[in-house]
>>> print(open('model-v3.cif').read())   # mmCIF, C-alpha atoms
data_my_file
#
loop_
_atom_site.label_atom_id
_atom_site.label_comp_id
_atom_site.auth_asym_id
_atom_site.auth_seq_id
_atom_site.Cartn_x
_atom_site.Cartn_y
_atom_site.Cartn_z
CA MET A 195 88.36 114.57 35.84
CA PRO A 196 90.33 116.95 38.09
CA THR A 197 92.74 117.50 35.20
CA LEU A 198 89.86 118.25 32.82
CA ASN A 199 88.37 120.70 35.31
CA LYS A 200 91.71 122.51 35.58
CA ILE A 201 91.94 122.70 31.79
CA ARG A 202 88.42 124.19 31.61
CA ARG A 203 89.30 126.77 34.27
CA VAL A 204 92.43 127.76 32.39
CA ARG A 205 90.74 127.95 28.99
CA THR A 206 87.61 129.83 30.00
CA PRO A 207 89.24 133.11 31.05
CA ARG A 208 91.29 133.16 27.86
CA ARG A 209 88.20 133.29 25.71
CA GLY A 210 86.84 136.30 27.61
CA PRO A 211 89.57 138.80 26.81
CA ASP A 212 89.92 137.54 23.23
CA SER A 213 86.26 138.07 22.51
CA ALA A 214 85.98 141.25 24.56
CA GLY A 215 89.04 142.90 23.01
CA PRO A 216 87.48 143.95 19.67
CA ARG A 217 84.27 145.03 21.42
CA LEU A 218 86.16 147.25 23.84
CA LEU A 219 88.19 148.69 20.97
CA ARG A 220 84.99 149.59 19.10
CA LEU A 221 83.60 151.16 22.26
CA ARG A 222 86.78 153.19 22.65
CA ILE A 223 86.56 154.42 19.05
CA ALA A 224 82.90 155.39 19.49
CA LEU A 225 83.60 157.30 22.71
CA THR A 226 86.61 158.99 21.15
CA ALA A 227 84.32 160.22 18.36
CA PHE A 228 81.98 161.78 20.92
CA PHE A 229 84.86 163.56 22.69
CA ALA A 230 86.17 164.90 19.38
CA MET A 231 82.70 166.01 18.32
CA ASP A 232 82.19 167.82 21.62
CA GLY A 233 85.36 169.87 21.15
CA PHE A 234 84.62 170.42 17.46
CA LEU A 235 81.12 171.80 18.02
CA PHE A 236 82.04 173.96 21.00
CA ALA A 237 84.98 175.55 19.16
CA GLY A 238 82.79 176.14 16.12
CA TRP A 239 80.35 178.08 18.27
CA VAL A 240 83.10 180.08 20.00
CA VAL A 241 84.64 181.42 16.78
CA ARG A 242 81.24 182.82 15.71
CA ILE A 243 80.64 184.75 18.95
CA PRO A 244 81.85 188.08 17.45
CA ALA A 245 79.44 187.78 14.50
CA ILE A 246 76.52 186.82 16.74
CA LYS A 247 77.38 189.71 19.08
CA ALA A 248 77.11 192.11 16.14
CA GLN A 249 73.85 190.48 15.03
CA THR A 250 72.24 190.90 18.46
CA GLY A 251 73.60 194.41 18.97
CA ALA A 252 74.73 193.45 22.49
CA GLY A 253 77.34 195.46 24.33
CA ALA A 254 80.23 193.83 26.16
CA GLY A 255 78.35 193.66 29.46
CA ALA A 256 75.16 192.29 27.96
CA LEU A 257 77.11 189.72 25.97
CA GLY A 258 78.96 188.63 29.10
CA LEU A 259 75.67 188.03 30.88
CA ALA A 260 74.30 186.13 27.89
CA LEU A 261 77.39 183.93 27.75
CA LEU A 262 76.81 182.98 31.37
CA GLY A 263 73.85 181.01 30.02
CA VAL A 264 76.27 178.36 28.74
CA SER A 265 77.80 178.00 32.20
CA ALA A 266 74.49 178.06 34.04
CA GLY A 267 72.95 175.43 31.80
CA ALA A 268 76.04 173.22 31.98
CA VAL A 269 76.39 173.31 35.77
CA THR A 270 72.67 172.69 36.29
CA PHE A 271 72.53 169.63 34.06
CA MET A 272 75.85 168.13 35.12
CA MET A 273 74.39 167.03 38.45
CA LEU A 274 71.16 165.81 36.86
CA THR A 275 73.09 163.78 34.28
CA GLY A 276 74.72 161.65 36.97
CA ARG A 277 71.27 160.44 38.01
CA LEU A 278 70.20 159.91 34.40
CA CYS A 279 73.29 157.77 33.76
CA ARG A 280 72.44 155.59 36.75
CA ARG A 281 68.89 155.10 35.53
CA PHE A 282 69.28 154.80 31.75
CA GLY A 283 72.96 154.01 31.35
CA SER A 284 75.80 156.31 30.32
CA HIS A 285 75.73 155.10 26.69
CA ALA A 286 72.11 156.11 26.13
CA VAL A 287 72.60 159.46 27.84
CA THR A 288 75.77 160.13 25.84
CA THR A 289 73.94 159.56 22.57
CA ALA A 290 70.92 161.66 23.55
CA SER A 291 73.15 164.48 24.82
CA GLY A 292 75.25 164.42 21.65
CA ALA A 293 72.14 164.82 19.52
CA ALA A 294 70.88 167.63 21.77
CA LEU A 295 74.21 169.46 21.50
CA ALA A 296 74.23 169.19 17.71
CA LEU A 297 70.65 170.49 17.46
CA SER A 298 71.08 173.31 19.98
CA ILE A 299 74.11 174.80 18.22
CA VAL A 300 71.81 176.16 15.49
CA LEU A 301 69.87 178.30 17.99
CA PRO A 302 72.29 181.20 18.79
CA PRO A 303 72.42 182.67 15.25
CA LEU A 304 68.62 182.76 15.19
CA THR A 305 68.49 185.31 18.03
CA HIS A 306 68.39 189.10 17.69
CA SER A 307 68.76 190.26 21.29
CA ALA A 308 71.07 189.54 24.21
CA THR A 309 68.15 188.22 26.27
CA ALA A 310 67.13 185.70 23.62
CA LEU A 311 70.75 184.69 23.16
CA GLY A 312 71.14 184.04 26.88
CA LEU A 313 68.01 181.86 26.91
CA VAL A 314 69.07 179.68 23.99
CA LEU A 315 72.58 179.39 25.47
CA LEU A 316 70.99 177.86 28.56
CA VAL A 317 69.81 175.03 26.29
CA PHE A 318 73.16 174.78 24.54
CA GLY A 319 75.01 174.75 27.87
CA ALA A 320 72.69 172.10 29.30
CA ALA A 321 73.42 169.78 26.36
CA TYR A 322 77.15 170.53 26.59
CA GLY A 323 77.33 169.80 30.32
CA SER A 324 75.21 166.69 30.02
CA LEU A 325 77.37 165.26 27.23
CA ASN A 326 80.56 165.92 29.19
CA VAL A 327 79.36 164.04 32.26
CA ALA A 328 77.79 161.16 30.30
CA MET A 329 80.75 160.46 28.02
CA ASN A 330 83.24 160.78 30.90
CA SER A 331 81.15 158.31 32.91
CA ALA A 332 81.17 155.90 29.97
CA ALA A 333 84.92 156.40 29.63
CA VAL A 334 85.48 155.58 33.32
CA ASP A 335 83.65 152.26 32.89
CA LEU A 336 85.65 151.45 29.76
CA ILE A 337 88.94 152.32 31.48
CA SER A 338 88.13 149.89 34.30
CA ALA A 339 87.40 147.15 31.76
CA LEU A 340 90.54 147.87 29.75
CA ARG A 341 92.65 148.13 32.93
CA ARG A 342 94.62 150.92 31.25
CA PRO A 343 94.55 154.64 32.21
CA VAL A 344 93.45 155.89 28.78
CA MET A 345 91.39 158.88 29.94
CA PRO A 346 93.99 161.39 28.63
CA SER A 347 93.54 160.01 25.12
CA PHE A 348 89.82 160.85 25.21
CA HIS A 349 90.56 164.41 26.29
CA ALA A 350 93.22 164.62 23.59
CA ALA A 351 90.44 163.86 21.10
CA PHE A 352 88.45 166.74 22.60
CA SER A 353 91.44 169.06 22.16
CA LEU A 354 92.03 167.91 18.58
CA GLY A 355 88.34 168.35 17.79
CA GLY A 356 88.51 171.86 19.22
CA MET A 357 91.54 172.74 17.12
CA LEU A 358 89.81 171.40 14.00
CA GLY A 359 86.58 173.23 14.81
CA ALA A 360 88.39 176.52 15.40
CA GLY A 361 90.45 176.14 12.24
CA LEU A 362 87.44 175.31 10.11
CA GLY A 363 85.51 178.18 11.66
CA GLY A 364 88.30 180.59 10.83
CA LEU A 365 88.26 179.45 7.20
CA LEU A 366 84.47 179.67 6.85
CA ALA A 367 83.86 182.84 8.84
CA GLY A 368 84.52 185.09 5.86
CA SER A 369 82.34 183.19 3.41
CA LEU A 370 79.44 181.74 5.41
CA SER A 371 76.97 183.41 7.72
CA PRO A 372 76.82 182.12 11.32
CA THR A 373 73.47 180.48 10.55
CA VAL A 374 74.78 178.47 7.60
CA HIS A 375 78.05 177.65 9.34
CA LEU A 376 76.40 176.35 12.50
CA LEU A 377 73.79 174.44 10.48
CA LEU A 378 76.67 172.68 8.76
CA LEU A 379 78.23 171.88 12.14
CA ALA A 380 74.87 170.57 13.38
CA ALA A 381 74.64 168.20 10.40
CA ILE A 382 78.17 166.92 11.07
CA GLY A 383 77.37 166.52 14.75
CA LEU A 384 74.19 164.55 14.07
CA LEU A 385 76.03 162.29 11.63
CA VAL A 386 78.78 161.56 14.17
CA THR A 387 76.17 160.99 16.87
CA ALA A 388 74.26 158.53 14.67
CA VAL A 389 77.35 156.50 13.78
CA ALA A 390 79.08 156.59 17.15
CA GLY A 391 75.78 156.23 19.02
CA TYR A 392 75.07 153.05 17.05
CA GLY A 393 78.45 151.76 18.21
CA LEU A 394 77.48 152.43 21.82
CA ARG A 395 74.07 150.82 21.39
CA VAL A 396 75.27 147.55 19.89
CA HIS A 397 78.13 147.27 22.40
CA PRO A 398 76.70 147.63 25.91
CA ALA A 399 78.74 149.26 28.64
CA PRO A 400 81.20 146.79 30.20
CA GLU A 401 80.48 145.59 33.69
CA VAL A 402 82.92 146.84 36.27
CA PRO A 403 83.38 144.19 38.97
CA GLU A 404 86.06 146.28 40.69
CA ARG A 405 83.36 148.57 42.12
CA LEU A 406 81.36 145.79 43.74
CA PRO A 407 83.44 145.29 46.88
CA ALA A 408 83.19 148.97 47.77
CA ALA A 409 79.44 148.81 47.28
CA GLU A 410 79.19 145.72 49.45
CA GLU A 411 81.19 147.37 52.22
CA SER A 412 78.93 150.40 52.16
CA ARG A 413 75.64 148.56 52.72
CA PRO A 414 75.77 148.22 56.52
CA GLY A 415 76.71 151.88 57.06
CA ARG A 416 76.01 155.15 55.39
CA GLY A 417 76.41 153.91 51.88
CA ARG A 418 78.99 154.10 49.17
CA THR A 419 77.98 157.57 48.09
CA ASP A 420 78.80 159.05 51.50
CA ARG A 421 82.10 157.21 51.74
CA GLY A 422 83.13 158.25 48.26
CA ARG A 423 82.06 161.88 48.62
CA GLY A 424 85.28 163.00 50.27
CA PRO A 425 87.64 161.69 47.56
CA VAL A 426 85.29 162.91 44.84
CA LEU A 427 85.36 166.46 46.24
CA VAL A 428 89.14 166.31 46.52
CA PHE A 429 89.49 165.27 42.89
CA GLY A 430 86.97 167.95 41.97
CA LEU A 431 89.15 170.51 43.74
CA ILE A 432 92.17 169.34 41.73
CA ALA A 433 90.11 169.72 38.55
CA LEU A 434 89.03 173.21 39.64
CA CYS A 435 92.62 174.35 40.21
CA THR A 436 93.65 173.36 36.69
CA ALA A 437 90.44 174.38 34.91
CA TYR A 438 90.92 177.84 36.42
CA GLY A 439 94.20 178.05 34.52
CA GLU A 440 92.76 176.72 31.27
CA GLY A 441 89.89 179.20 31.27
CA ALA A 442 92.10 182.15 32.16
CA MET A 443 94.70 181.26 29.54
CA ALA A 444 92.04 181.22 26.85
CA ASP A 445 90.70 184.64 27.78
CA TRP A 446 93.75 186.53 29.05
CA GLY A 447 96.87 184.95 27.52
CA ALA A 448 96.74 186.84 24.23
CA LEU A 449 95.91 190.11 25.99
CA HIS A 450 98.92 189.70 28.29
CA LEU A 451 101.22 189.24 25.31
CA SER A 452 99.88 192.24 23.41
CA GLN A 453 99.24 194.62 26.30
CA ASP A 454 102.15 193.89 28.64
CA LEU A 455 104.83 192.59 26.27
CA ALA A 456 104.04 194.62 23.13
CA ALA A 457 103.56 191.52 20.98
CA GLY A 458 102.02 191.86 17.54
CA PRO A 459 98.65 190.29 16.69
CA GLY A 460 100.27 187.17 15.22
CA THR A 461 102.47 186.54 18.26
CA ALA A 462 99.59 187.22 20.64
CA ALA A 463 97.44 184.66 18.84
CA ALA A 464 100.34 182.20 18.78
CA GLY A 465 100.57 182.34 22.56
CA TYR A 466 97.32 180.47 23.10
CA ALA A 467 97.97 178.30 20.04
CA VAL A 468 101.21 176.92 21.50
CA PHE A 469 99.46 176.40 24.83
CA ALA A 470 96.64 174.41 23.18
CA LEU A 471 99.07 172.45 21.00
CA ALA A 472 101.26 171.55 23.98
CA MET A 473 98.19 170.44 25.91
CA THR A 474 97.13 168.22 23.01
CA VAL A 475 100.60 166.66 22.77
CA GLY A 476 100.63 166.12 26.52
CA ARG A 477 97.27 164.36 26.43
CA LEU A 478 98.28 162.14 23.52
CA SER A 479 101.24 160.92 25.57
CA GLY A 480 99.32 160.94 28.85
CA THR A 481 98.27 157.28 28.88
CA ALA A 482 101.85 156.08 28.52
CA PHE A 483 103.01 158.52 31.19
CA VAL A 484 100.38 157.42 33.71
CA GLN A 485 101.09 153.76 33.01
CA ARG A 486 104.79 154.33 33.50
CA PHE A 487 104.73 156.50 36.62
CA GLY A 488 101.24 156.15 38.12
CA ALA A 489 98.38 158.62 38.54
CA ALA A 490 99.68 160.26 41.74
CA ARG A 491 103.10 161.01 40.28
CA ALA A 492 101.50 162.24 37.06
CA LEU A 493 99.39 164.72 39.04
CA VAL A 494 102.34 165.98 41.07
CA ALA A 495 104.65 166.23 38.05
CA GLY A 496 101.94 167.93 35.99
CA GLY A 497 101.16 170.44 38.71
CA ALA A 498 104.84 171.27 39.27
CA THR A 499 105.50 171.62 35.53
CA ALA A 500 102.44 173.82 35.09
CA THR A 501 103.50 176.00 38.02
CA ALA A 502 106.90 176.66 36.47
CA GLY A 503 105.45 177.31 33.03
CA LEU A 504 102.72 179.64 34.28
CA LEU A 505 105.18 181.65 36.35
CA LEU A 506 107.41 182.04 33.31
CA GLY A 507 104.45 183.00 31.15
CA ALA A 508 103.24 185.62 33.63
CA LEU A 509 106.58 187.19 34.59
CA ALA A 510 108.76 186.73 31.50
CA PRO A 511 110.27 189.97 30.15
CA SER A 512 109.67 189.08 26.48
CA ALA A 513 106.87 187.65 24.38
CA GLY A 514 109.02 184.75 23.19
CA ALA A 515 109.86 183.66 26.72
CA ALA A 516 106.20 184.01 27.74
CA CYS A 517 105.14 181.79 24.82
CA ALA A 518 107.69 179.21 25.92
CA GLY A 519 106.16 179.37 29.40
CA PHE A 520 102.69 178.88 27.94
CA ALA A 521 103.91 175.76 26.12
CA VAL A 522 105.40 174.32 29.33
CA ALA A 523 102.17 175.14 31.16
CA GLY A 524 100.13 173.33 28.51
CA LEU A 525 102.23 170.20 28.94
CA GLY A 526 101.84 170.36 32.70
CA LEU A 527 98.09 171.01 32.77
CA ALA A 528 97.30 168.52 30.00
CA ASN A 529 96.53 165.42 32.06
CA ILE A 530 95.56 166.74 35.48
CA PHE A 531 91.88 167.32 34.68
CA PRO A 532 91.41 163.94 32.90
CA ILE A 533 93.11 162.06 35.73
CA ALA A 534 91.03 163.87 38.36
CA ILE A 535 87.77 163.09 36.55
CA ALA A 536 88.76 159.45 36.07
CA ARG A 537 89.60 159.05 39.76
CA ALA A 538 86.34 160.73 40.77
CA GLY A 539 84.48 158.25 38.57
CA GLU A 540 86.26 155.33 40.21
CA SER A 541 85.32 156.65 43.65
CA GLY A 542 81.73 157.68 42.96
CA GLY A 543 80.57 156.34 39.59
CA PRO A 544 78.47 158.67 37.37
CA ASP A 545 77.61 160.84 40.37
CA GLY A 546 81.32 161.17 41.13
CA VAL A 547 81.99 162.30 37.57
CA ALA A 548 79.09 164.76 37.82
CA VAL A 549 80.27 166.28 41.11
CA ALA A 550 83.93 166.56 40.07
CA SER A 551 82.98 167.95 36.65
CA THR A 552 80.73 170.56 38.24
CA VAL A 553 83.39 171.63 40.74
CA GLY A 554 86.05 171.62 38.03
CA TYR A 555 83.89 173.56 35.61
CA GLY A 556 83.42 176.11 38.37
CA GLY A 557 87.15 176.81 38.09
CA MET A 558 86.77 177.55 34.39
CA LEU A 559 83.96 179.98 35.26
CA LEU A 560 85.86 181.55 38.14
CA GLY A 561 89.16 182.05 36.33
CA PRO A 562 88.42 184.75 33.71
CA PRO A 563 86.44 187.17 35.95
CA ALA A 564 88.81 186.64 38.90
CA ILE A 565 91.78 187.48 36.69
CA GLY A 566 89.94 190.57 35.48
CA PHE A 567 89.34 191.91 38.98
CA LEU A 568 92.91 191.16 40.06
CA ALA A 569 94.32 192.74 36.91
CA GLU A 570 92.51 196.00 37.68
CA ALA A 571 93.92 196.02 41.19
CA ALA A 572 97.50 194.82 40.65
CA GLY A 573 98.12 194.44 36.93
CA LEU A 574 97.67 191.50 34.60
CA PRO A 575 101.11 189.86 35.12
CA VAL A 576 100.53 189.68 38.88
CA ALA A 577 96.98 188.41 38.36
CA LEU A 578 98.25 185.63 36.11
CA THR A 579 100.56 184.37 38.86
CA THR A 580 97.43 183.06 40.61
CA LEU A 581 97.27 180.42 37.87
CA ALA A 582 100.66 179.16 38.99
CA LEU A 583 99.56 179.26 42.62
CA LEU A 584 96.55 177.05 41.98
CA ALA A 585 98.60 174.66 39.83
CA ALA A 586 100.94 174.30 42.80
CA VAL A 587 97.93 173.66 45.05
CA ALA A 588 96.83 170.87 42.68
CA ALA A 589 100.32 169.33 42.90
CA VAL A 590 100.28 169.48 46.71
CA ILE A 591 96.81 167.93 46.90
CA GLY A 592 97.88 165.22 44.45
CA TYR A 593 100.88 164.40 46.64
CA ALA A 594 98.88 164.49 49.89
CA THR A 595 96.21 162.12 48.47
CA ARG A 596 98.61 159.79 46.65
CA GLY A 597 97.27 156.83 48.64
CA ALA A 598 93.87 157.28 46.98
CA HIS A 599 95.34 156.65 43.52
CA HIS A 600 94.97 152.91 43.80
CA THR A 601 95.01 152.31 40.09
CA GLY A 602 98.34 153.91 39.46
CA ARG A 603 101.12 152.01 37.71
CA ARG A 604 100.14 148.61 36.31
#
>>> encode(input="model-v3.cif", output="structure tokens")
Amino acid sequence: MPTLNKIRRVRTPRRGPDSAGPRLLRLRIALTAFFAMDGFLFAGWVVRIPAIKAQTGAGAGALGLALLGVSAGAVTFMMLTGRLCRRFGSHAVTTASGAALALSIVLPPLTHSATALGLVLLVFGAAYGSLNVAMNSAAVDLISALRRPVMPSFHAAFSLGGMLGAGLGGLLAGSLSPTVHLLLLAAIGLLVTAVAGYGLRVHPAPEVPERLPAAEESRPGRGRTDRGRGPVLVFGLIALCTAYGEGAMADWGALHLSQDLAAGPGTAAAGYAVFALAMTVGRLSGTAFVQRFGAARALVAGGATATAGLLLGALAPSAGAACAGFAVAGLGLANIFPIAIARAGESGGPDGVAVASTVGYGGMLLGPPAIGFLAEAAGLPVALTTLALLAAVAAVIGYATRGAHHTGRR
């Protein structure tokens, strides 16, 4: 009998992973589809901003205020989504948010004033922020079950979706009105949501036993939320430092090439393209890199690489050298935000993802206007060096908090 009991104990765990493997793979595919759809829809909206600006008759200032609706809606709902994920589950909230994002993308081309545009962008931003928190929370749970740091692969899907959405938008912009184009994107988004959402519904979120000890330890005292708040804010700060660079590169990189380095329109556009492509490549290889070297080393190496690339991009004497710097910066920045969000989720669950995402998203909001003010005072090349400074800060914080990266190399 003791021998039989030992055999049962040996056999039972083997069945678990074998049966769970295909289910976790299907969950990963479904979540990857949501990340790709998120990037695809957002990029599709962005490429139609000029046409919608002309339709509304808004000036640059009025349009800037209207576009803040996306940010305001996203930041507001990011914190609320953490609570919704705790109550209803991250899978249900991901599906509902995906449907809301697909439906809300048809609203901007229906407006005819900057005020109306700003109001509908509040709705669009709320859906966008909610989906980002919900799907990242679901990804954190899946990563814990897989025991592999695959968060960069999800964000690579977002980048690839964005590239596809921007490319398709560029092709359709000359032949389709914004209304028809965004209606087409909404239909694609709803189809993806229906298929991928079904995958999330039939495969419940995996249980994460690794979080239980921390929860048990927190009961006698202040609670797990208070204990995890410090690390979550630290990871949020790391996300902010790198999101600042991503947002500023999108808005100011091409202008720097054309205005300061006399690059032609094609070269100026290529500057951000090589940055985005390098970031996508970096995220596709991010899982292997984190597994090989650990999360802390990946953060430090990424921050240091981004610092060097951003300095080269800002201070290079030629457009070609600046583009090379942008490519190096993309590789360096690629995995810092995904790692930071994943670690925040491990420390604080859905609320941790919500807090870190909100703080990180604040960097994306802060970057473009901050660069604008600095450029007026000291010139755009000097202003862009602040991107390198914050990337270096992210590397320093990553090194100083390396003990918190408990799920590093496996």
>>> resolve_selection(input="model-v3.cif", expression="the PyMOL selection byres ((chain A and resi 467) around 10)", output="PyMOL selection string")
chain A and resi 357+444+448+461-466+468-473+517+520-521
>>> resolve_selection(input="model-v3.cif", expression="the PyMOL selection byres ((chain A and resi 569) around 12)", output="ChimeraX atom specification")
/A:442,446,449-450,453-454,508,561-568,570-580
>>> closest_atom_pairs(input="model-v3.cif", of="range 337-356 of chain A", to="range 226-230 of chain A", cutoff="12 Å", atoms="all atoms listed in the file", output="tab-separated table")
residue	atom	partner	partner_atom	distance
A:Val344	CA	A:Thr226	CA	10.7
A:Met345	CA	A:Thr226	CA	10.0
A:Pro346	CA	A:Thr226	CA	10.8
A:Ser347	CA	A:Thr226	CA	8.1
A:Phe348	CA	A:Thr226	CA	5.5
A:His349	CA	A:Phe229	CA	6.8
A:Ala350	CA	A:Ala230	CA	8.2
A:Ala351	CA	A:Ala230	CA	4.7
A:Phe352	CA	A:Ala230	CA	4.4
A:Ser353	CA	A:Ala230	CA	7.3
A:Leu354	CA	A:Ala230	CA	6.6
A:Gly355	CA	A:Ala230	CA	4.4
A:Gly356	CA	A:Ala230	CA	7.3
>>> write_last_selection(input="model-v3.cif", atoms="C-alpha atoms", output="PDB file, keeping the file's coordinate frame")
ATOM      1  CA  VAL A 344      93.450 155.890  28.780  1.00  0.00           C
ATOM      2  CA  MET A 345      91.390 158.880  29.940  1.00  0.00           C
ATOM      3  CA  PRO A 346      93.990 161.390  28.630  1.00  0.00           C
ATOM      4  CA  SER A 347      93.540 160.010  25.120  1.00  0.00           C
ATOM      5  CA  PHE A 348      89.820 160.850  25.210  1.00  0.00           C
ATOM      6  CA  HIS A 349      90.560 164.410  26.290  1.00  0.00           C
ATOM      7  CA  ALA A 350      93.220 164.620  23.590  1.00  0.00           C
ATOM      8  CA  ALA A 351      90.440 163.860  21.100  1.00  0.00           C
ATOM      9  CA  PHE A 352      88.450 166.740  22.600  1.00  0.00           C
ATOM     10  CA  SER A 353      91.440 169.060  22.160  1.00  0.00           C
ATOM     11  CA  LEU A 354      92.030 167.910  18.580  1.00  0.00           C
ATOM     12  CA  GLY A 355      88.340 168.350  17.790  1.00  0.00           C
ATOM     13  CA  GLY A 356      88.510 171.860  19.220  1.00  0.00           C
TER      14      GLY A 356
END
>>> atom_distance(input="model-v3.cif", atom1="CA of Phe531 in chain A", atom2="CA of Ala268 in chain A")
17.1 Å
>>> closest_atom_pairs(input="model-v3.cif", of="range 336-376 of chain A", to="range 241-250 of chain A", cutoff="12 Å", atoms="all atoms listed in the file", output="JSON lines")
{"residue": "A:Gly356", "atom": "CA", "partner": "A:Val241", "partner_atom": "CA", "distance": 10.6}
{"residue": "A:Met357", "atom": "CA", "partner": "A:Val241", "partner_atom": "CA", "distance": 11.1}
{"residue": "A:Leu358", "atom": "CA", "partner": "A:Val241", "partner_atom": "CA", "distance": 11.6}
{"residue": "A:Gly359", "atom": "CA", "partner": "A:Val241", "partner_atom": "CA", "distance": 8.6}
{"residue": "A:Ala360", "atom": "CA", "partner": "A:Val241", "partner_atom": "CA", "distance": 6.3}
{"residue": "A:Gly361", "atom": "CA", "partner": "A:Val241", "partner_atom": "CA", "distance": 9.1}
{"residue": "A:Leu362", "atom": "CA", "partner": "A:Val241", "partner_atom": "CA", "distance": 9.5}
{"residue": "A:Gly363", "atom": "CA", "partner": "A:Val241", "partner_atom": "CA", "distance": 6.1}
{"residue": "A:Gly364", "atom": "CA", "partner": "A:Val241", "partner_atom": "CA", "distance": 7.0}
{"residue": "A:Leu365", "atom": "CA", "partner": "A:Val241", "partner_atom": "CA", "distance": 10.4}
{"residue": "A:Leu366", "atom": "CA", "partner": "A:Arg242", "partner_atom": "CA", "distance": 9.9}
{"residue": "A:Ala367", "atom": "CA", "partner": "A:Arg242", "partner_atom": "CA", "distance": 7.4}
{"residue": "A:Gly368", "atom": "CA", "partner": "A:Ala245", "partner_atom": "CA", "distance": 10.4}
{"residue": "A:Leu370", "atom": "CA", "partner": "A:Arg242", "partner_atom": "CA", "distance": 10.5}
{"residue": "A:Ser371", "atom": "CA", "partner": "A:Ala245", "partner_atom": "CA", "distance": 8.4}
{"residue": "A:Pro372", "atom": "CA", "partner": "A:Arg242", "partner_atom": "CA", "distance": 6.3}
{"residue": "A:Thr373", "atom": "CA", "partner": "A:Ile246", "partner_atom": "CA", "distance": 9.4}
{"residue": "A:Val374", "atom": "CA", "partner": "A:Arg242", "partner_atom": "CA", "distance": 11.2}
{"residue": "A:His375", "atom": "CA", "partner": "A:Arg242", "partner_atom": "CA", "distance": 8.8}
{"residue": "A:Leu376", "atom": "CA", "partner": "A:Arg242", "partner_atom": "CA", "distance": 8.7}
>>> residues_near_point(input="model-v3.cif", point="(76.9, 171.8, 38.0)", cutoff="10 Å", atoms="all atoms listed in the file", output="PyMOL selection string")
chain A and resi 265-275+320+323-324+327+548-556
>>> write_last_selection(input="model-v3.cif", atoms="C-alpha atoms", output="mmCIF file, in the coordinates of the input")
data_model
loop_
_atom_site.group_PDB
_atom_site.id
_atom_site.type_symbol
_atom_site.label_atom_id
_atom_site.label_comp_id
_atom_site.auth_asym_id
_atom_site.auth_seq_id
_atom_site.Cartn_x
_atom_site.Cartn_y
_atom_site.Cartn_z
ATOM 1 C CA SER A 265 77.800 178.000 32.200
ATOM 2 C CA ALA A 266 74.490 178.060 34.040
ATOM 3 C CA GLY A 267 72.950 175.430 31.800
ATOM 4 C CA ALA A 268 76.040 173.220 31.980
ATOM 5 C CA VAL A 269 76.390 173.310 35.770
ATOM 6 C CA THR A 270 72.670 172.690 36.290
ATOM 7 C CA PHE A 271 72.530 169.630 34.060
ATOM 8 C CA MET A 272 75.850 168.130 35.120
ATOM 9 C CA MET A 273 74.390 167.030 38.450
ATOM 10 C CA LEU A 274 71.160 165.810 36.860
ATOM 11 C CA THR A 275 73.090 163.780 34.280
ATOM 12 C CA ALA A 320 72.690 172.100 29.300
ATOM 13 C CA GLY A 323 77.330 169.800 30.320
ATOM 14 C CA SER A 324 75.210 166.690 30.020
ATOM 15 C CA VAL A 327 79.360 164.040 32.260
ATOM 16 C CA ALA A 548 79.090 164.760 37.820
ATOM 17 C CA VAL A 549 80.270 166.280 41.110
ATOM 18 C CA ALA A 550 83.930 166.560 40.070
ATOM 19 C CA SER A 551 82.980 167.950 36.650
ATOM 20 C CA THR A 552 80.730 170.560 38.240
ATOM 21 C CA VAL A 553 83.390 171.630 40.740
ATOM 22 C CA GLY A 554 86.050 171.620 38.030
ATOM 23 C CA TYR A 555 83.890 173.560 35.610
ATOM 24 C CA GLY A 556 83.420 176.110 38.370
#
>>> closest_residue(input="model-v3.cif", among="A:Gly557, A:Gly542, A:Gly238, A:Pro343", to="Arg277 in chain A", atoms="all atoms listed in the file")
A:Gly542
>>> resolve_selection(input="model-v3.cif", expression="the PyMOL selection byres ((chain A and resi 297) around 9)", output="ChimeraX atom specification")
/A:292-296,298-301,318,377,380-381,383-384
>>> build_atoms(input="model-v3.cif", residues="range 454-458 of chain A", atoms="N, CA, C and O atoms", output="short mmCIF file (atom, residue, chain, number, x, y, z; two decimals), keeping the file's coordinate frame")
data_model
loop_
_atom_site.label_atom_id
_atom_site.label_comp_id
_atom_site.auth_asym_id
_atom_site.auth_seq_id
_atom_site.Cartn_x
_atom_site.Cartn_y
_atom_site.Cartn_z
N ASP A 454 101.03 193.76 27.71
CA ASP A 454 102.15 193.89 28.64
C ASP A 454 103.51 193.68 27.99
O ASP A 454 104.53 194.16 28.51
N LEU A 455 103.54 192.92 26.88
CA LEU A 455 104.83 192.59 26.27
C LEU A 455 104.94 193.11 24.84
O LEU A 455 105.88 192.75 24.12
N ALA A 456 104.00 193.95 24.44
CA ALA A 456 104.04 194.62 23.13
C ALA A 456 104.16 193.65 21.97
O ALA A 456 104.81 193.94 20.96
N ALA A 457 103.54 192.49 22.08
CA ALA A 457 103.56 191.52 20.98
C ALA A 457 102.58 191.93 19.89
O ALA A 457 101.54 192.54 20.17
N GLY A 458 102.93 191.60 18.65
CA GLY A 458 102.02 191.86 17.54
C GLY A 458 100.84 190.91 17.56
O GLY A 458 100.82 189.94 18.33
#
